[in-house]
Structure formats: structure tokens, C-alpha cells
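For reference, the structure is listed below as C-alpha cells.
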Amino acid sequence: AAAPPPPAGPPRPTGPAPDPARDEAWVPASRPGADEPYGTGWATAAPSGPSTPDPGFSWSAPMAPGGASGSGRPVVTFAQPEGYDENARPHPLGRRGRSQVVAAAVCLVLGVGLIGGAVAGSWLAGDSGEKGADTGFTAAANMWHNVPVDELFPPTVQGEGAGPGDADRVWTRIAVAPDSGCEDAFDPLLRKLLAPLGCERLLRATYTDATQSHVTTVGLLFTKADAAGMASLAGRFDKERLDRRTDLIPRPYAAKGTAAAGFGAGQRATWAISVLTDAPVVVYAVSGWADGRDAGTPLPAEGGMESGATTAPAQAGLGHDARGLADRVERGLRKNVDTTTEQPS
């Protein structure tokens with residue numbers, strides 16, 4: 001018997017024979033870095049050769065001028081991003097509407113105008129630190145007749161930490177001299193040094209310590225000088241150390257019937273003197289013993305306040321008296337000047 005025919009296989013595909021080169025060019029369409037391809041099928045890449053690339057794939061776009069595939073890296077471009085205005089109309093992001101541009105320009109003009117106006121106003125009004133300094137200088141010049149004596153020379157002055165070893169001091173006023181000129185207030189050499197400033201008025205008061213063992217005269221010399229003249233003399237005092245010269249010591253005010261009655265030139269033990277630059281005033285103080293003893297060679301206040309000083313005035317704290325009272329009277333003067341300049345005109 002004849003052998004049975006072989007079983008029929010699957011039908012042969014019709015059409016052109018497969019092209020191995022084309023088959024090898026097929027690649028799955030997948031996202032970069034993704035494990036699975038988009039969708040469920042396969043996408044064909046642009047075949048190699050001169051055929052027209054498929055514009056649906058960015059990697060198959062022409063890479064050289066003229067539409068031919070080049071050998072370089074592909075160039076990918078993106079559309080301008082769009083946003084939406086208040087009416088839900090699309091517009092490119094980053095582009096300002098005309099109204100926004102106009103509003104920004106108006107704000108810029110107004111801002112520049114306000115700043116310029118403020119600067120110009122300050123120039124026209126002369127609003128500067130120099131004006132404030134001039135006002136304070138002028139106010140200080142009038143303190144001698146505008147401020148009560150109890151504010152310039154308080155009846156009691158507290159000196160917290162002003163004594164030797166930061167001990168507290170208390171000074172009590174025992175005499176106030178009538179306001180006067182400068183004829184008898186200074187030795188000849190000091191009077192000659194101060195003469196270029198002019199003497200408008202001299203105010204003095206004498207204090208004693210809590211034990212009434214020491215006496216100190218404090219003086220405020222109101223000059224006729226301007227700020228430049230005061231600064232010039234202050235610079236000379238600082239440069240030449242004139243505040244330490246024993247031939248430039250102010251004289252005390254010895255009021256009769258007080259503990260300072262015997263406080264004369266020979267009893268001057270320590271002194272302090274300051275030429276102010278923010279006021280036409282020279283502030284000074286001179287200290288001695290209330291019992292009238294001779295003080296010997298006077299010592300500047302700073303020398304009498306040095307640690308380890310062994311002279312009798314230093315150990316008694318007379319340097320602390322002179323410096324402490326001078327400083328506190330000077331502070332009171334400045335406080336009155338500040339109060340005067342802050343009052344509305």
C-alpha cells in the first residue's frame with residue numbers, strides 16, 4: 001500500500017522574501033530607562049539607507065542639512081511653552097502683556113521720582129549731621145544763662161565707682177561763685193593759652209567730700225570760639241599733653257565761711273582740664289585738702305589715679321575727686337544741650 005502523504009504544514013507566506021538587513025534594523029519603541037516598551041507592540045525604526053525618515057520618531061529626523069541622515073548626534077527642538085491668561089487664552093510663557101509692561105514702567109518712574117525727591121528735599125533743607133552738630137554747639141554756648149545753676153552744678157553729685165578701688169563717692173556743693181570773667185581764675189600762663197578762645201562767662205562751684213576732708217572747685221569756661229577754634233586748641237592739648245603741665249593749673253574758688261575758705265593756690269594737689277570740641281566750653285576741676293595744708297608738687301588727676309601711686313594726694317583719692325566731678329559736670333552740660341536741641345521750635 002502506498003505510504004500516507006505527510007501531514008500538511010503551515011501555509012507558506014506569500015509576498016517578497018524577507019530582508020535580513022531590514023529585519024535587523026527593527027527595534028522596540030521604549031522610553032529611556034524604562035523596563036517595558038510603550039504599548040504592546042513593536043515600532044519600526046527608520047530603515048538604514050537613503051529612504052525618507054519617518055517624522056513620527058525624533059531619532060529618525062534628518063541630522064544634516066538637506067534632509068539626509070548625518071553621522072552626528074540628533075538635534076531635538078521643543079516648542080515654546082504656553083501658559084494661560086485670566087480668560088483661559090493660551091500665550092507663551094515669559095512674555096509680558098502690554099498692560100504688565102506699562103505697569104512696571106510706571107512703578108519704575110514713580111520709584112525713581114520718590115527717591116530723587118527725597119534726596120533733593122534733604123539737600124534743600126540742609127538736613128545733615130553737620131546741621132545737628134551746629135545746633136548743639138550753639139545751644140551749648142547759651143547754657144550759662146539759659147540753664148539753672150542747680151542743673152549745671154547739682155547740690156549733690158553721686159559718684160558711683162568714682163573713688164579709689166571703684167568705691168562710691170558723694171560730693172556736696174558748699175559754694176557757687178557769681179558768674180564772672182576770667183581775670184582771677186587762671187595763672188598767667190594758662191590765661192595766655194586760653195586767651196585766643198575769648199572768655200564769654202566763667203561759672204564755678206566748690207564741693208566737699210562726705211568726710212569734708214577734701215575740697216574741689218569745678219569750673220565751666222564758656223568761650224567765644226567757634227568749632228574750629230575749639231578743635232584746634234583741643235588738638236594742641238592732646239598733642240603736647242598740656243593737661244599734665246604743672247604750670248597750667250586752674251585756680252580754686254575759696255569761699256569764705258566754708259570748708260574751702262583756706263583753699264588757695266598752695267593747696268592745689270590734683271587737677272583735670274578738658275577742652276571740648278562739640279561745645280565752646282572748657283571744663284576743669286582742681287582738688288586739695290580742706291585743712292589748708294600745703295600740697296607740694298601738684299599731680300594731674302590721671303597720675304593720681306594710677307594703680308600703685310604712693311603720693312599723699314593719690315592715696316587720699318584727690319585725683320579721683322578732680323576727675324570724677326569734672327566728668328559728671330561735663331555730662332550734665334551735654335544732657336542739657338541734648339534736651340534743648342530736641343525741643344520743637
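A note on labels: chains of the C-alpha cells are A, B, ... as shown, every chain counts residues from 1, and ligands are counted from 1 in their shown order.
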Legend entry - strand (DSSP E or B) call set, DSSP backbone run, region 247-314 of chain A, as a list in words: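 Filtering region 247-314 of chain A to strand (DSSP E or B) leaves Pro250, Thr270, Trp271, Ala272, Ile273, Ser274, Val275, Val281, Val282, Val283, Tyr284, Ala285, Val286, Ser287, Gly288, Trp289, Leu299 and Pro300 of chain A.
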Inset, instruction - From region 185-266 of chain A, collect each residue whose DSSP state is alpha helix (DSSP H) and return the set as a ChimeraX atom specification. - result: /A:188-194,227-240
Written selection (all heavy atoms) as a compact mmCIF listing (two decimals), in the first residue's frame:
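As a result, result20.txt now contains:
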```
# COMPACT_ATOMS: atom_id res chain seq x y z
N PRO A 188 48.88 133.07 85.08
CA PRO A 188 49.17 133.84 83.87
C PRO A 188 49.41 132.99 82.61
O PRO A 188 48.91 133.33 81.53
CB PRO A 188 50.42 134.63 84.25
CG PRO A 188 50.32 134.79 85.73
CD PRO A 188 49.70 133.52 86.21
N LEU A 189 50.15 131.90 82.73
CA LEU A 189 50.47 131.11 81.54
C LEU A 189 49.22 130.42 80.99
O LEU A 189 49.02 130.38 79.76
CB LEU A 189 51.55 130.08 81.87
CG LEU A 189 52.17 129.36 80.66
CD1 LEU A 189 52.77 130.36 79.68
CD2 LEU A 189 53.23 128.36 81.12
N LEU A 190 48.36 129.89 81.86
CA LEU A 190 47.13 129.25 81.39
C LEU A 190 46.17 130.29 80.81
O LEU A 190 45.50 130.04 79.81
CB LEU A 190 46.46 128.49 82.54
CG LEU A 190 45.17 127.75 82.19
CD1 LEU A 190 45.37 126.77 81.05
CD2 LEU A 190 44.62 127.04 83.43
N ARG A 191 46.12 131.47 81.44
CA ARG A 191 45.27 132.53 80.90
C ARG A 191 45.72 132.93 79.50
O ARG A 191 44.89 133.17 78.60
CB ARG A 191 45.30 133.74 81.84
CG ARG A 191 44.38 134.87 81.39
CD ARG A 191 44.20 135.92 82.49
NE ARG A 191 45.46 136.61 82.80
CZ ARG A 191 46.10 136.49 83.96
NH1 ARG A 191 45.61 135.71 84.91
NH2 ARG A 191 47.22 137.16 84.18
N LYS A 192 47.02 132.99 79.28
CA LYS A 192 47.55 133.32 77.95
C LYS A 192 47.20 132.24 76.93
O LYS A 192 46.88 132.54 75.78
CB LYS A 192 49.06 133.51 78.04
CG LYS A 192 49.72 133.87 76.72
CD LYS A 192 51.22 134.06 76.90
CE LYS A 192 51.89 134.42 75.57
NZ LYS A 192 53.36 134.60 75.74
N LEU A 193 47.25 130.98 77.37
CA LEU A 193 46.93 129.87 76.46
C LEU A 193 45.46 129.90 76.04
O LEU A 193 45.13 129.61 74.88
CB LEU A 193 47.26 128.54 77.15
CG LEU A 193 46.94 127.26 76.38
CD1 LEU A 193 47.80 127.16 75.13
CD2 LEU A 193 47.15 126.04 77.27
N LEU A 194 44.58 130.27 76.97
CA LEU A 194 43.15 130.26 76.69
C LEU A 194 42.66 131.57 76.04
O LEU A 194 41.53 131.62 75.55
CB LEU A 194 42.37 130.01 77.98
CG LEU A 194 42.62 128.68 78.68
CD1 LEU A 194 41.86 128.63 80.01
CD2 LEU A 194 42.22 127.51 77.81
N ALA A 227 33.68 126.27 66.41
CA ALA A 227 34.06 124.85 66.50
C ALA A 227 35.51 124.63 66.06
O ALA A 227 36.23 123.82 66.64
CB ALA A 227 33.10 124.01 65.67
N ALA A 228 35.93 125.35 65.02
CA ALA A 228 37.31 125.18 64.53
C ALA A 228 38.32 125.62 65.59
O ALA A 228 39.36 124.97 65.79
CB ALA A 228 37.50 125.97 63.24
N GLY A 229 38.03 126.74 66.28
CA GLY A 229 38.95 127.20 67.31
C GLY A 229 39.04 126.24 68.48
O GLY A 229 40.14 125.99 69.00
N MET A 230 37.90 125.66 68.88
CA MET A 230 37.92 124.69 69.97
C MET A 230 38.67 123.43 69.57
O MET A 230 39.45 122.89 70.36
CB MET A 230 36.49 124.34 70.39
CG MET A 230 35.67 125.51 70.92
SD MET A 230 36.38 126.30 72.39
CE MET A 230 36.29 124.96 73.59
N ALA A 231 38.45 122.98 68.35
CA ALA A 231 39.14 121.77 67.89
C ALA A 231 40.65 121.99 67.80
O ALA A 231 41.43 121.09 68.10
CB ALA A 231 38.58 121.35 66.53
N SER A 232 41.04 123.19 67.40
CA SER A 232 42.47 123.48 67.30
C SER A 232 43.15 123.43 68.66
O SER A 232 44.21 122.80 68.82
CB SER A 232 42.66 124.86 66.66
OG SER A 232 44.03 125.21 66.62
N LEU A 233 42.53 124.05 69.67
CA LEU A 233 43.15 124.03 70.99
C LEU A 233 43.09 122.63 71.61
O LEU A 233 44.04 122.20 72.27
CB LEU A 233 42.47 125.04 71.92
CG LEU A 233 43.11 125.18 73.30
CD1 LEU A 233 44.56 125.63 73.18
CD2 LEU A 233 42.33 126.17 74.17
N ALA A 234 41.99 121.91 71.38
CA ALA A 234 41.89 120.54 71.90
C ALA A 234 42.98 119.66 71.31
O ALA A 234 43.59 118.84 72.01
CB ALA A 234 40.51 119.97 71.59
N GLY A 235 43.26 119.83 70.01
CA GLY A 235 44.33 119.07 69.38
C GLY A 235 45.69 119.40 69.97
O GLY A 235 46.53 118.52 70.15
N ARG A 236 45.89 120.65 70.28
CA ARG A 236 47.16 121.04 70.89
C ARG A 236 47.30 120.47 72.30
O ARG A 236 48.39 120.00 72.69
CB ARG A 236 47.27 122.57 70.93
CG ARG A 236 48.62 123.06 71.43
CD ARG A 236 48.72 124.57 71.42
NE ARG A 236 49.98 124.99 72.03
CZ ARG A 236 50.30 126.25 72.32
NH1 ARG A 236 49.43 127.23 72.05
NH2 ARG A 236 51.46 126.53 72.89
N PHE A 237 46.23 120.50 73.08
CA PHE A 237 46.27 119.90 74.41
C PHE A 237 46.63 118.43 74.33
O PHE A 237 47.44 117.93 75.11
CB PHE A 237 44.90 120.07 75.11
CG PHE A 237 44.86 121.20 76.09
CD1 PHE A 237 44.74 122.51 75.65
CD2 PHE A 237 44.95 120.96 77.45
CE1 PHE A 237 44.70 123.56 76.55
CE2 PHE A 237 44.91 122.01 78.37
CZ PHE A 237 44.78 123.32 77.92
N ASP A 238 46.04 117.74 73.37
CA ASP A 238 46.28 116.30 73.24
C ASP A 238 47.70 116.03 72.76
O ASP A 238 48.38 115.13 73.27
CB ASP A 238 45.26 115.71 72.27
CG ASP A 238 45.39 114.21 72.14
OD1 ASP A 238 45.25 113.51 73.16
OD2 ASP A 238 45.65 113.73 71.01
N LYS A 239 48.15 116.78 71.77
CA LYS A 239 49.47 116.53 71.19
C LYS A 239 50.60 116.89 72.15
O LYS A 239 51.59 116.16 72.27
CB LYS A 239 49.61 117.32 69.89
CG LYS A 239 50.93 117.11 69.16
CD LYS A 239 50.97 117.90 67.87
CE LYS A 239 52.29 117.68 67.14
NZ LYS A 239 52.34 118.47 65.86
N GLU A 240 50.47 118.01 72.85
CA GLU A 240 51.54 118.49 73.71
C GLU A 240 51.35 118.10 75.18
O GLU A 240 52.16 118.49 76.03
CB GLU A 240 51.65 120.02 73.59
CG GLU A 240 51.92 120.49 72.17
CD GLU A 240 51.96 122.01 72.07
OE1 GLU A 240 52.25 122.67 73.09
OE2 GLU A 240 51.72 122.55 70.97
```
Legend entry - Shell around region 326-335 of chain A at 9 Å using only C-alpha atoms, local window under 3 positions removed, as a ChimeraX atom specification: /A:136,140,143,151-154,157-159,218-220,272-274,279,283-286,321-323,338-340
Saved selection, atoms kept: N, CA and C atoms, as a tab-separated table (two decimals), in the first residue's frame:
```tsv
chain	number	residue	atom	x	y	z
A	136	GLY	N	23.71	121.97	68.25
A	136	GLY	CA	24.17	121.63	69.60
A	136	GLY	C	25.26	122.57	70.09
A	140	ALA	N	24.89	124.97	73.36
A	140	ALA	CA	25.82	124.91	74.49
A	140	ALA	C	26.38	126.27	74.84
A	143	MET	N	24.21	128.01	77.42
A	143	MET	CA	23.85	127.31	78.65
A	143	MET	C	24.09	128.17	79.89
A	151	GLU	N	21.24	122.77	87.83
A	151	GLU	CA	21.39	121.75	86.80
A	151	GLU	C	22.82	121.68	86.28
A	152	LEU	N	23.48	122.83	86.25
A	152	LEU	CA	24.90	122.82	85.85
A	152	LEU	C	25.79	122.31	86.98
A	153	PHE	N	25.50	122.76	88.21
A	153	PHE	CA	26.24	122.33	89.40
A	153	PHE	C	25.24	121.81	90.43
A	154	PRO	N	24.86	120.53	90.34
A	154	PRO	CA	23.85	119.98	91.27
A	154	PRO	C	24.29	120.11	92.72
A	157	VAL	N	26.27	115.47	94.09
A	157	VAL	CA	26.70	114.70	92.93
A	157	VAL	C	27.06	113.29	93.40
A	158	GLN	N	26.41	112.31	92.79
A	158	GLN	CA	26.69	110.92	93.11
A	158	GLN	C	27.81	110.40	92.20
A	159	GLY	N	28.83	109.82	92.82
A	159	GLY	CA	29.94	109.27	92.05
A	159	GLY	C	30.06	107.78	92.27
A	218	VAL	N	35.03	123.15	90.65
A	218	VAL	CA	34.73	122.77	89.26
A	218	VAL	C	34.38	124.04	88.50
A	219	GLY	N	34.92	124.18	87.30
A	219	GLY	CA	34.67	125.37	86.51
A	219	GLY	C	34.20	125.05	85.10
A	220	LEU	N	33.34	125.94	84.56
A	220	LEU	CA	32.88	125.88	83.17
A	220	LEU	C	33.21	127.22	82.52
A	272	ALA	N	42.25	118.47	86.73
A	272	ALA	CA	41.88	117.90	85.43
A	272	ALA	C	41.32	119.03	84.58
A	273	ILE	N	41.61	119.01	83.29
A	273	ILE	CA	41.13	120.06	82.39
A	273	ILE	C	40.86	119.44	81.02
A	274	SER	N	39.72	119.82	80.42
A	274	SER	CA	39.32	119.27	79.12
A	274	SER	C	38.79	120.40	78.25
A	279	ALA	N	31.26	121.75	71.98
A	279	ALA	CA	30.68	122.88	72.70
A	279	ALA	C	31.80	123.89	72.95
A	283	VAL	N	36.16	122.62	80.49
A	283	VAL	CA	35.74	122.08	81.78
A	283	VAL	C	36.99	121.76	82.60
A	284	TYR	N	36.99	122.15	83.88
A	284	TYR	CA	38.15	121.84	84.70
A	284	TYR	C	37.72	121.60	86.14
A	285	ALA	N	38.63	120.98	86.88
A	285	ALA	CA	38.43	120.77	88.32
A	285	ALA	C	39.80	120.74	88.98
A	286	VAL	N	39.87	121.24	90.20
A	286	VAL	CA	41.11	121.24	90.98
A	286	VAL	C	40.76	120.87	92.42
A	321	ASP	N	38.67	112.64	92.92
A	321	ASP	CA	37.73	113.74	93.15
A	321	ASP	C	37.72	114.70	91.95
A	322	ALA	N	38.91	115.09	91.51
A	322	ALA	CA	39.00	116.05	90.40
A	322	ALA	C	38.42	115.47	89.12
A	323	ARG	N	38.83	114.28	88.78
A	323	ARG	CA	38.34	113.68	87.54
A	323	ARG	C	36.86	113.33	87.63
A	338	ASP	N	21.43	118.33	74.86
A	338	ASP	CA	20.57	117.40	74.12
A	338	ASP	C	19.11	117.72	74.36
A	339	THR	N	18.76	118.05	75.59
A	339	THR	CA	17.35	118.37	75.90
A	339	THR	C	16.91	119.61	75.15
A	340	THR	N	17.78	120.59	75.06
A	340	THR	CA	17.45	121.84	74.38
A	340	THR	C	17.26	121.64	72.88
```
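The spacing separating CA of Leu242 (chain A) from CA of Thr216 (chain A) amounts to 20.5 Å.
Going from CA of Thr156 (chain A) to CA of Cys199 (chain A) covers 27.5 Å.
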Inset, instruction - Identify which of the residues A:Tyr253, A:Trp171, A:Trp144, A:Phe186 lies closest to Ala205 (chain A), counting only C-alpha atoms when measuring atom-to-atom distances. - result: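 Comparing A:Tyr253, A:Trp171, A:Trp144, A:Phe186 against Ala205 (chain A), the winner is A:Tyr253.
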Inset, instruction - One decimal, Å: what's the distance from CA of Ala255 (chain A) over to CA of Ala175 (chain A), could you say? - result: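 Separating CA of Ala255 (chain A) from CA of Ala175 (chain A) is a distance of 6.3 Å.
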Legend entry - Who sits within 10 Å of region 305-308 of chain A, only C-alpha atoms, same chain under 5 positions skipped, as a PyMOL selection string: chain A and resi 163-165+299-300+313-315+317-321+323
